[in-house]
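Everything on this sheet refers to the single structure shown next.
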Amino acid sequence: MKKPIFTGSGVAIVTPFTGDDLKINFSLFEEILEYQIQNGTDAIIVCGTTGEKSTLVYDEHVEALRIAVETVGKRVPVIAGTGSNDTKHAVMLSNDAERFGVDGLLMVTPYYNKASQDGLIESYSYIEKRVSTPIILYNVPSRTGVNIKPETYLELSKLPLVNSAKEANGDISALAQSMALCGDNLNFYSGNDDQITAFMSLGAKGVISVLANVAPKLTHDIAQYGLEGDLKKSAELQLEYIDLCNALFCDVNPIPVKAAMSMMGFDVGRCRMPLSPLNEKNTEYLKSVLKRHNMI
C-alpha cells in the first residue's frame, strides 16, 4: 500500500505577476501561500498548469519552488510541477526541485510529442529511476493530446516512486477501471473541480484544485466529507457551488481564476501571452457568480 502524499484539497496555485512587465510578484505569492494554509488547504501544488508553468523560464520556475518550500515550512506538503515533453528536462527540473525539499513531483504526460502508451511507460520509468521523491502522474488529454489508459496506469503503479495520479480526462468509467486494476498501489486525485464528490465516492484521496484558489475551505470540506464517508454533505456542497466550478472554466484556465482572484482583492495580474485577459461578457458572468456566493 502506498501512503498518499496528502489527502483532501491540494491547491493548484496561481503564479501572480506584476503590472505591465509580468514579472513574478513573489511578495504576493508568499501572501497567497499563507492565505491558503490559514484557510484549510491540505497541500500546495506549485508551477502546474494553473501556475502557468509553460511560460515560466527555468530560473523563475525553480525560484518559485524554492520560495514555496521556504514559506510553507513543512506545514503542508509542497508538490512541484516538473513534467515536460522532454524527459531529460523533466529529470533536471525534478532534481532541482528535490534540492529545495519538495514533498512530491507532479508529472504531466509529455505534451505535443503524442507519446504512445509504451512511450509513456518508458518515459516515466526513466524519470522514476533518477529521482528520489514520490511522483504524481498528471493525465490531462485536453491539454497534452495523450491519455493514460487503465492498463498503462497498472504498469506505472508498479514503479515504487509512482505514488498517485491526478486524473483530469473526465471519464469516470475509465477512472473506476484504473482504480480497480491498481488497487492500493496508486492513489487517485480528482483533476476536475466539478467531479470531486464523484471521485471520492470511488475511493480517491482528494483533489488538485483550481477552485481552491478562491474557495480553499469549501474545497477542503467537499473533499474531507468524502474522505470521512459523508458523501451526502460532500455532494450538497459540490452541487451548491457547481456554478462556481463552471464559471472558473468559462475560458481557458487560469484566465478566469486569476480574474476571480483580482475581483476578490488579490492583484495577481493577467496571464502571460499567449493567454489573453477575460473578455467583458465572461467577466460579468464570473462576477455575477462570485456575488451570488457573497465572495465579492
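Chain labels follow the order of the C-alpha cells: the first chain is A, the next B, and so on; residue numbering restarts at 1 in every chain, and ligands are counted from 1 in their shown order.
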Exercise: stretch 239-255 of chain A partners within 6 Å, only C-alpha atoms, chain neighbours under 6 positions left out, as a count of residues only: 3
Enumerate as a list in words all residues of stretch 51-196 of chain A assigned to strand (DSSP E) by DSSP on the backbone, naming them with the chain letters and numbers the document uses.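 Of stretch 51-196 of chain A, the ones in strand (DSSP E) are Val78, Ile79, Ala80, Gly81, Gly104, Leu105, Leu106, Met107, Val108, Ile135, Ile136, Leu137, Tyr138, Asn139, Val162, Asn163, Ser164, Ala165, Lys166, Glu167, Asn187, Phe188, Tyr189 and Ser190 of chain A.
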Considering only C-alpha atoms, can you say which of A:Ile135, A:Val102, A:Ala97, A:Ala212 comes closest to A:Val69?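 Going through A:Ile135, A:Val102, A:Ala97, A:Ala212 one by one, the smallest distance to A:Val69 is for A:Val102.
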Write out as a list in words which residues come within 8 Å of stretch 216-222 of chain A when counting only C-alpha atoms, dropping same-chain ones fewer than 5 positions away. Gly8, Ser9, Val11, Gln36, Asn39, Gly40, Thr41, Asp42, Ile196, Thr197, Ser209, Leu211, Lys233, Ser234, Ala235, Leu237 and Gln238 of chain A
Output file for the selection above: all heavy atoms, as a compact mmCIF listing (two decimals), in the first residue's frame:
```txt
# COMPACT_ATOMS: atom_id res chain seq x y z
N GLY A 8 -7.20 15.16 0.88
CA GLY A 8 -8.02 16.37 0.96
C GLY A 8 -7.86 17.25 -0.26
O GLY A 8 -7.88 16.77 -1.39
N SER A 9 -7.67 18.54 -0.04
CA SER A 9 -7.62 19.52 -1.13
C SER A 9 -6.22 20.08 -1.31
O SER A 9 -5.67 20.73 -0.41
CB SER A 9 -8.59 20.67 -0.85
OG SER A 9 -8.41 21.72 -1.77
N VAL A 11 -4.23 22.77 -3.58
CA VAL A 11 -4.50 23.89 -4.49
C VAL A 11 -3.46 23.91 -5.60
O VAL A 11 -2.26 23.87 -5.35
CB VAL A 11 -4.52 25.25 -3.74
CG1 VAL A 11 -3.18 25.55 -3.07
CG2 VAL A 11 -4.92 26.38 -4.68
N GLN A 36 -3.76 30.38 1.80
CA GLN A 36 -4.18 29.00 1.57
C GLN A 36 -4.04 28.15 2.82
O GLN A 36 -4.96 27.40 3.20
CB GLN A 36 -3.36 28.41 0.41
CG GLN A 36 -3.73 28.93 -0.96
CD GLN A 36 -5.13 28.52 -1.38
OE1 GLN A 36 -5.58 27.41 -1.11
NE2 GLN A 36 -5.82 29.41 -2.06
N ASN A 39 -6.55 28.82 5.53
CA ASN A 39 -7.95 28.52 5.19
C ASN A 39 -8.18 27.05 4.81
O ASN A 39 -9.13 26.73 4.12
CB ASN A 39 -8.42 29.45 4.08
CG ASN A 39 -8.71 30.84 4.60
OD1 ASN A 39 -9.78 31.13 5.13
ND2 ASN A 39 -7.73 31.73 4.47
N GLY A 40 -7.31 26.17 5.30
CA GLY A 40 -7.61 24.75 5.27
C GLY A 40 -7.07 23.94 4.11
O GLY A 40 -7.35 22.74 4.02
N THR A 41 -6.32 24.56 3.21
CA THR A 41 -5.76 23.79 2.10
C THR A 41 -4.77 22.76 2.64
O THR A 41 -3.96 23.05 3.53
CB THR A 41 -5.07 24.73 1.09
OG1 THR A 41 -6.10 25.40 0.35
CG2 THR A 41 -4.19 23.98 0.12
N ASP A 42 -4.82 21.55 2.07
CA ASP A 42 -4.06 20.43 2.60
C ASP A 42 -2.72 20.22 1.89
O ASP A 42 -1.88 19.45 2.38
CB ASP A 42 -4.89 19.15 2.49
CG ASP A 42 -6.20 19.27 3.25
OD1 ASP A 42 -6.16 19.34 4.49
OD2 ASP A 42 -7.28 19.31 2.61
N ILE A 196 -15.31 16.27 -7.78
CA ILE A 196 -14.65 15.87 -6.53
C ILE A 196 -15.44 14.78 -5.82
O ILE A 196 -14.89 13.72 -5.45
CB ILE A 196 -14.47 17.09 -5.58
CG1 ILE A 196 -13.68 18.20 -6.27
CG2 ILE A 196 -13.76 16.65 -4.30
CD1 ILE A 196 -13.64 19.50 -5.48
N THR A 197 -16.73 15.00 -5.60
CA THR A 197 -17.54 14.02 -4.87
C THR A 197 -17.59 12.70 -5.61
O THR A 197 -17.51 11.63 -4.98
CB THR A 197 -18.96 14.55 -4.64
OG1 THR A 197 -18.89 15.79 -3.92
CG2 THR A 197 -19.79 13.56 -3.84
N SER A 209 -6.80 21.20 -7.15
CA SER A 209 -7.94 22.07 -7.45
C SER A 209 -7.58 23.47 -7.92
O SER A 209 -6.70 24.13 -7.36
CB SER A 209 -8.80 22.18 -6.19
OG SER A 209 -9.79 23.16 -6.31
N LEU A 211 -10.41 25.56 -8.10
CA LEU A 211 -11.41 26.18 -7.22
C LEU A 211 -10.81 26.62 -5.89
O LEU A 211 -11.18 27.67 -5.35
CB LEU A 211 -12.55 25.18 -6.97
CG LEU A 211 -13.64 25.56 -5.97
CD1 LEU A 211 -14.45 26.75 -6.46
CD2 LEU A 211 -14.56 24.36 -5.70
N LYS A 233 -23.10 15.13 2.47
CA LYS A 233 -22.65 16.50 2.71
C LYS A 233 -21.68 16.95 1.62
O LYS A 233 -21.72 18.11 1.19
CB LYS A 233 -22.00 16.61 4.09
CG LYS A 233 -22.99 16.61 5.24
CD LYS A 233 -22.28 16.89 6.56
CE LYS A 233 -23.29 16.95 7.70
NZ LYS A 233 -22.60 17.19 9.01
N SER A 234 -20.82 16.04 1.20
CA SER A 234 -19.89 16.38 0.12
C SER A 234 -20.66 16.77 -1.14
O SER A 234 -20.36 17.78 -1.78
CB SER A 234 -18.97 15.18 -0.18
OG SER A 234 -18.11 15.46 -1.25
N ALA A 235 -21.65 15.98 -1.48
CA ALA A 235 -22.44 16.24 -2.69
C ALA A 235 -23.24 17.52 -2.57
O ALA A 235 -23.40 18.26 -3.55
CB ALA A 235 -23.36 15.06 -2.97
N LEU A 237 -22.44 20.26 -1.02
CA LEU A 237 -21.53 21.39 -1.29
C LEU A 237 -21.11 21.40 -2.75
O LEU A 237 -21.04 22.46 -3.38
CB LEU A 237 -20.30 21.31 -0.39
CG LEU A 237 -20.51 21.62 1.08
CD1 LEU A 237 -19.22 21.39 1.85
CD2 LEU A 237 -20.98 23.06 1.27
N GLN A 238 -20.83 20.22 -3.30
CA GLN A 238 -20.44 20.13 -4.70
C GLN A 238 -21.51 20.75 -5.60
O GLN A 238 -21.22 21.53 -6.50
CB GLN A 238 -20.22 18.66 -5.08
CG GLN A 238 -19.86 18.42 -6.54
CD GLN A 238 -18.39 18.62 -6.85
OE1 GLN A 238 -17.60 17.71 -6.70
NE2 GLN A 238 -18.02 19.81 -7.28
```
Would you kindly return, as number ranges by chain, each protein, DNA or RNA residue with an atom no farther than 12 Å from any atom of A:Ile148, considering only C-alpha atoms and excluding same-chain residues fewer than 5 positions away? A: 108-110, 114-121, 124, 137-141, 153-156, 165-169, 171, 174-175, 178
Please report the interatomic distance between atom CA of A:Ser94 and atom CA of A:Ala223 in Å with one decimal.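 For atom CA of A:Ser94 relative to atom CA of A:Ala223, the distance reads 27.9 Å.
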How far is it from atom CA of A:Ala43 to atom CA of A:Phe6, in Å with one decimal?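 For atom CA of A:Ala43 relative to atom CA of A:Phe6, the distance reads 6.6 Å.
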A:Val78: which residues within 8 Å, counting only C-alpha atoms, same-chain residues fewer than 6 positions away excluded, as a short mmCIF file (atom, residue, chain, number, x, y, z; two decimals) with C-alpha atoms, in the first residue's frame?
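The result, written out as out.cif:
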```
data_model
loop_
_atom_site.label_atom_id
_atom_site.label_comp_id
_atom_site.auth_asym_id
_atom_site.auth_seq_id
_atom_site.Cartn_x
_atom_site.Cartn_y
_atom_site.Cartn_z
CA ALA A 43 -1.25 20.73 0.01
CA ILE A 44 0.28 23.31 -2.31
CA ILE A 45 0.94 22.44 -5.95
CA VAL A 46 3.37 24.95 -7.46
CA ALA A 68 7.09 27.99 -1.78
CA VAL A 69 9.03 25.40 0.22
CA VAL A 72 5.25 26.81 3.73
CA VAL A 102 9.61 19.38 -2.11
CA ASP A 103 7.33 16.58 -0.97
CA GLY A 104 6.16 15.43 -4.39
#
```
Rounded to one decimal in Å, what is the spacing between atom CA of A:Lys23 and atom CA of A:Ala260?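 According to the coordinates, atom CA of A:Lys23 and atom CA of A:Ala260 are separated by 19.7 Å.
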Backbone-only DSSP, helix (DSSP H, G or I) members of stretch 34-67 of chain A, as a VMD selection string: chain A and resid 34 to 38 53 to 55 58 to 67
Deliver the residues from the most recent selection as a file, using C-alpha atoms, as a compact mmCIF listing (two decimals), in the first residue's frame.
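out.txt written:
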```
# COMPACT_ATOMS: atom_id res chain seq x y z
CA GLU A 34 -0.25 31.93 3.79
CA TYR A 35 -3.88 32.55 2.85
CA GLN A 36 -4.18 29.00 1.57
CA ILE A 37 -2.68 27.41 4.66
CA GLN A 38 -4.77 29.53 7.03
CA LYS A 53 4.43 26.64 -15.83
CA SER A 54 4.60 26.67 -19.64
CA THR A 55 5.53 30.38 -19.75
CA TYR A 58 13.77 27.96 -15.85
CA ASP A 59 15.17 30.35 -13.23
CA GLU A 60 11.68 31.68 -12.42
CA HIS A 61 10.36 28.16 -12.08
CA VAL A 62 12.96 27.00 -9.59
CA GLU A 63 12.78 30.26 -7.63
CA ALA A 64 9.01 29.85 -7.24
CA LEU A 65 9.58 26.34 -5.94
CA ARG A 66 12.27 27.50 -3.50
CA ILE A 67 10.11 30.29 -2.10
```
Report as a count of residues only all protein, DNA and RNA residues lying within 9 Å of A:Thr7, evaluated on only C-alpha atoms, omitting residues in the same chain fewer than 5 positions from it. 10
